[in-house]
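*Asks:* Next comes work35.csv, CSV, C-alpha atoms:
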chain,number,residue,atom,x,y,z
A,1,MET,CA,-24.0,0.6,11.6
A,2,ASP,CA,-25.7,3.8,12.9
A,3,ARG,CA,-25.1,7.3,11.5
A,4,GLN,CA,-22.5,8.3,14.0
A,5,GLU,CA,-20.5,5.1,13.4
A,6,ALA,CA,-20.7,5.8,9.7
A,7,LEU,CA,-19.4,9.3,10.1
A,8,THR,CA,-16.5,8.0,12.3
A,9,TRP,CA,-15.7,5.4,9.6
A,10,ILE,CA,-15.8,8.0,6.8
A,11,GLY,CA,-13.6,10.3,8.9
A,12,GLU,CA,-11.0,7.5,9.3
A,13,VAL,CA,-11.0,6.9,5.6
A,14,PHE,CA,-10.3,10.6,4.9
A,15,GLU,CA,-8.0,10.9,8.0
A,16,GLU,CA,-10.3,13.6,9.3
A,17,ALA,CA,-10.7,14.4,13.0
A,18,PRO,CA,-13.9,13.0,14.6
A,19,GLY,CA,-16.7,15.6,14.7
A,20,ARG,CA,-15.3,17.6,11.8
A,21,ILE,CA,-17.6,16.2,9.2
A,22,GLY,CA,-21.4,15.8,8.8
A,23,PRO,CA,-23.9,15.0,6.1
A,24,THR,CA,-23.7,18.6,4.6
A,25,THR,CA,-19.9,18.7,4.5
A,26,ALA,CA,-18.8,19.3,0.9
A,27,ARG,CA,-16.0,17.4,-0.7
A,28,GLU,CA,-14.0,20.7,-1.0
A,29,GLU,CA,-14.1,21.1,2.7
A,30,VAL,CA,-12.4,17.7,3.4
A,31,PRO,CA,-8.7,17.9,2.7
A,32,GLY,CA,-8.3,14.2,2.6
A,33,TRP,CA,-11.1,13.7,0.0
A,34,ASP,CA,-8.7,14.2,-2.9
A,35,SER,CA,-8.0,11.6,-5.7
A,36,LEU,CA,-6.2,9.4,-3.2
A,37,GLY,CA,-9.0,9.8,-0.7
A,38,THR,CA,-11.5,8.7,-3.4
A,39,LEU,CA,-9.5,5.6,-4.2
A,40,SER,CA,-9.2,4.9,-0.5
A,41,LEU,CA,-13.0,5.3,-0.1
A,42,ILE,CA,-13.6,2.9,-3.0
A,43,ALA,CA,-11.3,0.3,-1.4
A,44,ALA,CA,-12.8,0.8,2.0
A,45,PHE,CA,-16.4,0.3,0.7
A,46,ASP,CA,-15.2,-3.0,-0.9
A,47,GLU,CA,-13.2,-4.2,2.1
A,48,ARG,CA,-15.6,-3.2,4.9
A,49,PHE,CA,-19.0,-3.8,3.2
A,50,ASN,CA,-18.3,-5.8,0.1
A,51,ILE,CA,-19.9,-2.9,-1.9
A,52,GLN,CA,-18.5,-2.2,-5.3
A,53,LEU,CA,-19.1,1.5,-6.2
A,54,SER,CA,-20.2,2.3,-9.7
A,55,GLU,CA,-18.8,5.1,-11.8
A,56,GLY,CA,-22.1,6.9,-11.2
A,57,ASP,CA,-21.7,6.5,-7.4
A,58,ILE,CA,-18.2,7.9,-7.6
A,59,GLU,CA,-19.2,10.8,-9.8
A,60,GLY,CA,-22.2,11.6,-7.7
A,61,MET,CA,-20.4,11.9,-4.3
A,62,LYS,CA,-20.2,15.6,-3.6
A,63,HIS,CA,-21.1,15.7,0.1
A,64,ILE,CA,-20.6,13.4,3.0
A,65,GLY,CA,-24.4,12.8,2.9
A,66,ASP,CA,-24.0,11.2,-0.5
A,67,ILE,CA,-21.7,8.6,1.0
A,68,LEU,CA,-24.2,8.0,3.8
A,69,GLU,CA,-26.9,7.6,1.1
A,70,ILE,CA,-24.9,4.9,-0.6
A,71,LEU,CA,-24.4,3.0,2.7
A,72,GLN,CA,-28.1,3.2,3.3
A,73,ARG,CA,-29.0,2.0,-0.2
A,74,HIS,CA,-26.8,-1.1,0.3
A,75,GLY,CA,-28.3,-1.8,3.8
A,76,ALA,CA,-25.1,-0.9,5.6
A,77,LEU,CA,-26.6,2.0,7.4
A,78,ALA,CA,-29.6,1.8,9.7
A,79,SER,CA,-32.3,4.3,8.6
B,1,MET,CA,22.1,6.1,-2.0
B,2,ARG,CA,20.3,4.0,-4.5
B,3,PHE,CA,16.7,3.0,-3.6
B,4,LEU,CA,16.6,-0.6,-4.8
B,5,LEU,CA,15.6,-2.4,-1.6
B,6,VAL,CA,14.9,-5.9,-3.0
B,7,ASP,CA,17.8,-8.1,-4.1
B,8,ARG,CA,16.0,-11.0,-5.6
B,9,ILE,CA,12.7,-12.6,-6.1
B,10,LEU,CA,12.3,-16.2,-4.8
B,11,SER,CA,8.8,-17.0,-5.9
B,12,LEU,CA,6.1,-15.1,-7.6
B,13,VAL,CA,2.5,-15.6,-8.7
B,14,PRO,CA,1.7,-12.3,-10.6
B,15,GLY,CA,-1.0,-10.3,-8.9
B,16,GLU,CA,-1.4,-12.8,-6.1
B,17,ARG,CA,1.7,-13.3,-4.0
B,18,ILE,CA,5.5,-12.9,-3.9
B,19,GLU,CA,8.4,-13.8,-1.8
B,20,ALA,CA,11.7,-12.0,-2.1
B,21,GLU,CA,15.0,-11.4,-0.2
B,22,ARG,CA,17.4,-8.6,0.7
B,23,THR,CA,20.7,-8.8,2.5
B,24,ILE,CA,21.3,-5.6,4.5
B,25,PRO,CA,24.8,-4.3,3.5
B,26,HIS,CA,27.1,-3.4,6.4
B,27,ASP,CA,28.1,-0.1,4.7
B,28,GLU,CA,24.7,1.6,4.3
B,29,ASP,CA,25.3,5.3,4.7
B,30,TYR,CA,22.4,5.8,7.1
B,31,PHE,CA,24.0,3.5,9.7
B,32,ARG,CA,26.3,6.4,10.5
B,33,ASP,CA,23.3,8.3,12.0
B,34,HIS,CA,20.8,5.5,12.7
B,35,PHE,CA,22.4,5.0,15.2
B,36,PRO,CA,26.1,5.4,16.2
B,37,GLY,CA,27.1,2.2,17.9
B,38,PHE,CA,23.7,0.7,17.5
B,39,PRO,CA,23.1,0.4,13.7
B,40,VAL,CA,19.5,-0.6,12.8
B,41,VAL,CA,17.5,-0.4,9.6
B,42,PRO,CA,14.9,2.4,9.8
B,43,GLY,CA,11.3,1.2,9.9
B,44,VAL,CA,10.5,3.5,7.0
B,45,LEU,CA,13.0,1.5,4.8
B,46,LEU,CA,11.6,-1.8,5.9
B,47,THR,CA,8.2,-0.5,4.8
B,48,GLU,CA,9.7,0.6,1.5
B,49,SER,CA,11.2,-2.9,1.0
B,50,MET,CA,7.9,-4.5,1.6
B,51,GLY,CA,6.3,-2.0,-0.7
B,52,GLN,CA,8.8,-2.6,-3.5
B,53,THR,CA,8.2,-6.4,-3.1
B,54,ALA,CA,4.4,-6.0,-3.4
B,55,ALA,CA,4.8,-3.6,-6.3
B,56,LYS,CA,6.8,-6.2,-8.2
B,57,CYS,CA,4.0,-8.7,-7.7
B,58,LEU,CA,1.5,-6.2,-9.2
B,59,ASP,CA,3.9,-5.0,-12.0
B,60,ALA,CA,4.5,-8.6,-13.1
B,61,GLN,CA,0.9,-8.7,-14.4
B,62,ALA,CA,2.0,-6.1,-17.0
B,63,LEU,CA,-1.5,-4.6,-17.2
B,64,PRO,CA,-2.3,-1.3,-19.1
B,65,ARG,CA,-3.0,0.5,-15.8
B,66,GLY,CA,0.8,0.9,-15.4
B,67,LYS,CA,3.3,0.7,-12.5
B,68,ALA,CA,2.2,0.1,-8.9
B,69,MET,CA,3.1,3.0,-6.7
B,70,LEU,CA,2.9,3.1,-2.9
B,71,ALA,CA,0.1,5.6,-2.1
B,72,ARG,CA,-0.8,4.9,1.5
B,73,ILE,CA,0.5,3.0,4.5
B,74,LEU,CA,-2.7,1.6,6.0
B,75,SER,CA,-0.8,0.1,8.9
B,76,ALA,CA,2.8,-0.8,9.8
B,77,SER,CA,4.5,-2.3,12.8
B,78,PHE,CA,8.1,-3.1,13.6
B,79,ARG,CA,8.8,-5.9,16.0
B,80,GLN,CA,12.5,-6.5,16.1
B,81,TRP,CA,15.7,-4.6,15.2
B,82,VAL,CA,17.1,-5.4,11.7
B,83,ARG,CA,20.9,-5.2,11.7
B,84,PRO,CA,23.7,-4.9,9.1
B,85,GLY,CA,24.2,-8.3,7.5
B,86,ASP,CA,20.7,-9.6,8.3
B,87,VAL,CA,18.9,-11.4,5.4
B,88,LEU,CA,15.4,-10.0,5.1
B,89,ARG,CA,12.7,-12.4,3.8
B,90,LEU,CA,10.0,-10.3,2.3
B,91,ARG,CA,6.5,-11.6,1.6
B,92,ALA,CA,3.4,-9.9,0.1
B,93,THR,CA,-0.1,-11.1,-0.6
B,94,ILE,CA,-2.3,-9.0,-2.8
B,95,VAL,CA,-5.7,-8.8,-1.1
B,96,ALA,CA,-7.4,-6.3,-3.4
B,97,ASN,CA,-6.5,-5.9,-7.0
B,98,GLU,CA,-8.6,-3.5,-9.1
B,99,ASP,CA,-8.1,-1.3,-12.1
B,100,ARG,CA,-7.3,1.8,-10.1
B,101,PHE,CA,-5.9,0.5,-6.8
B,102,ALA,CA,-4.5,-2.5,-5.0
B,103,THR,CA,-3.9,-3.5,-1.4
B,104,ALA,CA,-1.2,-5.8,-0.1
B,105,GLU,CA,-0.6,-7.5,3.2
B,106,CYS,CA,3.2,-7.7,3.7
B,107,ASP,CA,5.6,-9.1,6.3
B,108,ALA,CA,9.3,-9.3,6.7
B,109,THR,CA,11.3,-11.9,8.7
B,110,VAL,CA,14.9,-12.5,9.6
B,111,GLY,CA,15.4,-16.3,10.0
B,112,THR,CA,12.3,-17.4,11.9
B,113,VAL,CA,11.8,-14.0,13.6
B,114,ALA,CA,9.0,-11.7,12.4
B,115,VAL,CA,10.5,-8.2,12.2
B,116,ALA,CA,7.9,-6.1,10.4
B,117,GLN,CA,4.5,-6.2,8.8
B,118,ALA,CA,2.4,-3.7,6.9
B,119,LYS,CA,-0.8,-3.3,5.0
B,120,LEU,CA,-0.1,-1.1,1.9
B,121,PHE,CA,-2.3,0.7,-0.6
B,122,PHE,CA,-1.2,1.2,-4.2
B,123,SER,CA,-2.3,3.3,-7.1
B,124,PHE,CA,-0.9,3.1,-10.6
B,125,VAL,CA,1.0,5.4,-12.9
B,126,PRO,CA,1.1,4.8,-16.7
B,127,LEU,CA,4.4,3.4,-18.0
B,128,ALA,CA,4.5,6.3,-20.5
B,129,ASP,CA,5.2,8.7,-17.6
B,130,PHE,CA,8.6,6.9,-16.9
B,131,ALA,CA,11.8,7.1,-18.7
B,132,PRO,CA,11.6,5.0,-21.9
B,133,ASP,CA,14.5,2.8,-20.8
B,134,PHE,CA,13.2,2.3,-17.2
B,135,ARG,CA,13.3,-1.4,-16.3
B,136,ASP,CA,12.9,-3.3,-13.1
B,137,ARG,CA,16.1,-5.4,-13.2
B,138,VAL,CA,15.1,-7.7,-10.3
B,139,LEU,CA,11.7,-8.5,-11.8
B,140,ASP,CA,13.1,-8.9,-15.3
B,141,GLU,CA,15.8,-11.3,-14.0
B,142,PHE,CA,13.2,-13.5,-12.2
B,143,LEU,CA,10.8,-13.5,-15.1
B,144,SER,CA,13.5,-14.4,-17.6
B,145,GLY,CA,14.7,-17.2,-15.4
B,146,ALA,CA,11.2,-18.5,-14.9
B,147,ALA,CA,10.7,-18.5,-18.7
B,148,ARG,CA,13.7,-20.7,-19.3
I need this file expressed as structure tokens, please.
*Replies:*
Amino acid sequence: MDRQEALTWIGEVFEEAPGRIGPTTAREEVPGWDSLGTLSLIAAFDERFNIQLSEGDIEGMKHIGDILEILQRHGALAS
Amino acid sequence: MRFLLVDRILSLVPGERIEAERTIPHDEDYFRDHFPGFPVVPGVLLTESMGQTAAKCLDAQALPRGKAMLARILSASFRQWVRPGDVLRLRATIVANEDRFATAECDATVGTVAVAQAKLFFSFVPLADFAPDFRDRVLDEFLSGAAR
């Protein structure tokens, strides 16, 4: 998956329009990134990539770029 | 109207899969509007029936996380009309089951005809948040019968 595909996937999880989010977009700027959005993201990581997020991962996600970094760390995002 | 959209459980493996049934009453109030002369069960109620079925499968585990609550409709499709008097067969398979969320793949049939399917996402609410005397009669009846 390349960066643009990853952003599209993240946008789908948060029900955000394509092109509205980027690596520097903060959690507070994404209406769908609420508690349900976080649960949806955890489930989507597991279902799509078989990645189980740690509590540290979850606590540390403040920007879209943090999600991209997790994808990259697990080899799901081409560097 | 009451909102109990599952009549009885036919088979159940807690946290894994469930099969249940509901007969659509002829006198449901919404048939007056949905639609005059062409009464059909709204898709949203079919989704809720599948959701209640899957939730019973999760609740049967009786885990400390609490009661399963439909939080997101990941997908849903409605393939055939469901009419007054139809007997809905409801099935759910739990495909993800974690401490904080669960996902279920559900379908509904009438006879041999597939009428609806949905992929549903659940979160959990502690039982302490509900009325102390809140019980799931349908689930209790099945579990008490299975225990005999």
*Asks:* Could you list, as an NGL selection string, every residue of chain B that has an atom within 8 Å of an atom of chain A, counting all atoms listed in the file?
*Replies:* :B and (71 or 96 or 100-101)
*Asks:* Can you list, as a ChimeraX atom specification, every protein, DNA or RNA residue that comes within 8 Å of region 50-64 of chain B when you count only C-alpha atoms, leaving out same-chain residues fewer than 3 positions away?
*Replies:* /B:5-6,12-20,46-47,67-70,90-94,104,106-108,118,120,122,126,139
*Asks:* What does the distance between CA of Trp81 (chain B) and CA of Gly111 (chain B) come to in Å, to one decimal place?
*Replies:*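 Distance between the two atoms: 12.8 Å.
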*Asks:* Which of these residues is nearest to Phe78 (chain B), using all atoms listed in the file: B:Ala116, B:Val110, B:Thr23, B:Glu141?
*Replies:*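 Comparing B:Ala116, B:Val110, B:Thr23, B:Glu141 against Phe78 (chain B), the winner is B:Ala116.
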*Asks:* Interatomic distance between CA of Ala128 (chain B) and CA of Ile58 (chain A)?
*Replies:*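 Interatomic distance here is 26.2 Å.
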*Asks:* Point out the residue among B:Ala147, B:Ile9, B:Leu74, B:Val87 with the least atom-to-atom distance to Ile24 (chain B), counting all atoms listed in the file.
*Replies:*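 Among the listed residues, B:Val87 lies closest to Ile24 (chain B).
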*Asks:* Measure the distance from CA of Leu143 (chain B) to CA of Gly85 (chain B) in Å and round it to one decimal.
*Replies:*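 Atom-to-atom, CA of Leu143 (chain B) and CA of Gly85 (chain B) are spaced 26.8 Å apart.
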*Asks:* Of the candidates B:Thr109, B:Arg89, B:Ile73, B:Val115, which one gets nearest to Pro42 (chain B) if we count all atoms listed in the file?
*Replies:*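 Among B:Thr109, B:Arg89, B:Ile73, B:Val115, it is B:Val115 that comes nearest to Pro42 (chain B).
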*Asks:* Taking 5 positions as the minimum chain separation for residues in the same chain, which residues sit within 10 Å of Lys62 (chain A) when counting all atoms listed in the file? Answer as a CSV table (one decimal) with C-alpha atoms, in the coordinates of the input.
*Replies:*
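Written out: part-v6.csv:
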chain,number,residue,atom,x,y,z
A,24,THR,CA,-23.7,18.6,4.6
A,25,THR,CA,-19.9,18.7,4.5
A,26,ALA,CA,-18.8,19.3,0.9
A,27,ARG,CA,-16.0,17.4,-0.7
A,28,GLU,CA,-14.0,20.7,-1.0
A,33,TRP,CA,-11.1,13.7,0.0
A,57,ASP,CA,-21.7,6.5,-7.4
A,67,ILE,CA,-21.7,8.6,1.0
*Asks:* Applying 12 Å and only C-alpha atoms, which residues near Gln4 (chain A) remain after dropping the ones on its own chain fewer than 5 positions away? List them as a list in words.
*Replies:*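 After dropping sequence-adjacent residues, the list is Trp9, Ile10, Gly11, Pro18, Gly19, Arg20, Ile21, Gly22, Pro23, Leu68, Leu77, Ala78 and Ser79 of chain A.
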*Asks:* May I ask which of the residues B:Asp7, B:Glu21, B:Glu28, B:Asp136 is the closest one to Arg83 (chain B), counting only C-alpha atoms?
*Replies:*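 Answer, going by the shortest atom-to-atom distance: B:Glu28.
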*Asks:* Env of Leu4 (chain B): 10 Å cut, atoms = only C-alpha atoms, seq-sep filter 4 positions within chain, self excluded. Answer as a list in words.
*Replies:*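 Residues near the query, excluding close chain neighbours: Arg22, Glu48, Ser49, Gln52, Asp136, Arg137 and Val138 of chain B.
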*Asks:* Generate N, CA, C and O atoms for region 126-140 of chain B and emit them as a PDB file, keeping the file's coordinate frame.
*Replies:*
ATOM      1  N   PRO B 126       0.815   5.354 -15.365  1.00  0.00           N
ATOM      2  CA  PRO B 126       1.100   4.800 -16.700  1.00  0.00           C
ATOM      3  C   PRO B 126       2.574   4.693 -16.996  1.00  0.00           C
ATOM      4  O   PRO B 126       3.342   5.595 -16.640  1.00  0.00           O
ATOM      5  N   LEU B 127       2.977   3.632 -17.660  1.00  0.00           N
ATOM      6  CA  LEU B 127       4.400   3.400 -18.000  1.00  0.00           C
ATOM      7  C   LEU B 127       4.940   4.567 -18.845  1.00  0.00           C
ATOM      8  O   LEU B 127       6.137   4.875 -18.802  1.00  0.00           O
ATOM      9  N   ALA B 128       4.052   5.207 -19.615  1.00  0.00           N
ATOM     10  CA  ALA B 128       4.500   6.300 -20.500  1.00  0.00           C
ATOM     11  C   ALA B 128       5.050   7.477 -19.685  1.00  0.00           C
ATOM     12  O   ALA B 128       5.767   8.322 -20.229  1.00  0.00           O
ATOM     13  N   ASP B 129       4.717   7.554 -18.392  1.00  0.00           N
ATOM     14  CA  ASP B 129       5.200   8.700 -17.600  1.00  0.00           C
ATOM     15  C   ASP B 129       6.645   8.445 -17.107  1.00  0.00           C
ATOM     16  O   ASP B 129       7.250   9.355 -16.545  1.00  0.00           O
ATOM     17  N   PHE B 130       7.187   7.243 -17.306  1.00  0.00           N
ATOM     18  CA  PHE B 130       8.600   6.900 -16.900  1.00  0.00           C
ATOM     19  C   PHE B 130       9.531   7.069 -18.024  1.00  0.00           C
ATOM     20  O   PHE B 130       9.121   7.157 -19.184  1.00  0.00           O
ATOM     21  N   ALA B 131      10.812   7.074 -17.680  1.00  0.00           N
ATOM     22  CA  ALA B 131      11.800   7.100 -18.700  1.00  0.00           C
ATOM     23  C   ALA B 131      11.650   5.893 -19.646  1.00  0.00           C
ATOM     24  O   ALA B 131      11.328   4.794 -19.168  1.00  0.00           O
ATOM     25  N   PRO B 132      11.847   6.084 -20.953  1.00  0.00           N
ATOM     26  CA  PRO B 132      11.600   5.000 -21.900  1.00  0.00           C
ATOM     27  C   PRO B 132      12.449   3.740 -21.598  1.00  0.00           C
ATOM     28  O   PRO B 132      12.022   2.624 -21.881  1.00  0.00           O
ATOM     29  N   ASP B 133      13.638   3.952 -21.027  1.00  0.00           N
ATOM     30  CA  ASP B 133      14.500   2.800 -20.800  1.00  0.00           C
ATOM     31  C   ASP B 133      14.387   2.280 -19.333  1.00  0.00           C
ATOM     32  O   ASP B 133      15.203   1.471 -18.890  1.00  0.00           O
ATOM     33  N   PHE B 134      13.369   2.746 -18.609  1.00  0.00           N
ATOM     34  CA  PHE B 134      13.200   2.300 -17.200  1.00  0.00           C
ATOM     35  C   PHE B 134      12.815   0.809 -17.214  1.00  0.00           C
ATOM     36  O   PHE B 134      11.872   0.387 -17.864  1.00  0.00           O
ATOM     37  N   ARG B 135      13.596   0.048 -16.466  1.00  0.00           N
ATOM     38  CA  ARG B 135      13.300  -1.400 -16.300  1.00  0.00           C
ATOM     39  C   ARG B 135      13.458  -1.765 -14.845  1.00  0.00           C
ATOM     40  O   ARG B 135      14.234  -1.151 -14.112  1.00  0.00           O
ATOM     41  N   ASP B 136      12.731  -2.784 -14.443  1.00  0.00           N
ATOM     42  CA  ASP B 136      12.900  -3.300 -13.100  1.00  0.00           C
ATOM     43  C   ASP B 136      13.802  -4.568 -13.254  1.00  0.00           C
ATOM     44  O   ASP B 136      13.357  -5.648 -13.638  1.00  0.00           O
ATOM     45  N   ARG B 137      15.096  -4.356 -12.948  1.00  0.00           N
ATOM     46  CA  ARG B 137      16.100  -5.400 -13.200  1.00  0.00           C
ATOM     47  C   ARG B 137      15.759  -6.680 -12.407  1.00  0.00           C
ATOM     48  O   ARG B 137      15.865  -7.793 -12.930  1.00  0.00           O
ATOM     49  N   VAL B 138      15.376  -6.517 -11.158  1.00  0.00           N
ATOM     50  CA  VAL B 138      15.100  -7.700 -10.300  1.00  0.00           C
ATOM     51  C   VAL B 138      13.925  -8.492 -10.845  1.00  0.00           C
ATOM     52  O   VAL B 138      13.974  -9.724 -10.927  1.00  0.00           O
ATOM     53  N   LEU B 139      12.880  -7.781 -11.233  1.00  0.00           N
ATOM     54  CA  LEU B 139      11.700  -8.500 -11.800  1.00  0.00           C
ATOM     55  C   LEU B 139      12.038  -9.118 -13.129  1.00  0.00           C
ATOM     56  O   LEU B 139      11.667 -10.270 -13.387  1.00  0.00           O
ATOM     57  N   ASP B 140      12.756  -8.384 -13.948  1.00  0.00           N
ATOM     58  CA  ASP B 140      13.100  -8.900 -15.300  1.00  0.00           C
ATOM     59  C   ASP B 140      13.969 -10.196 -15.115  1.00  0.00           C
ATOM     60  O   ASP B 140      13.787 -11.171 -15.851  1.00  0.00           O
TER      61      ASP B 140
END
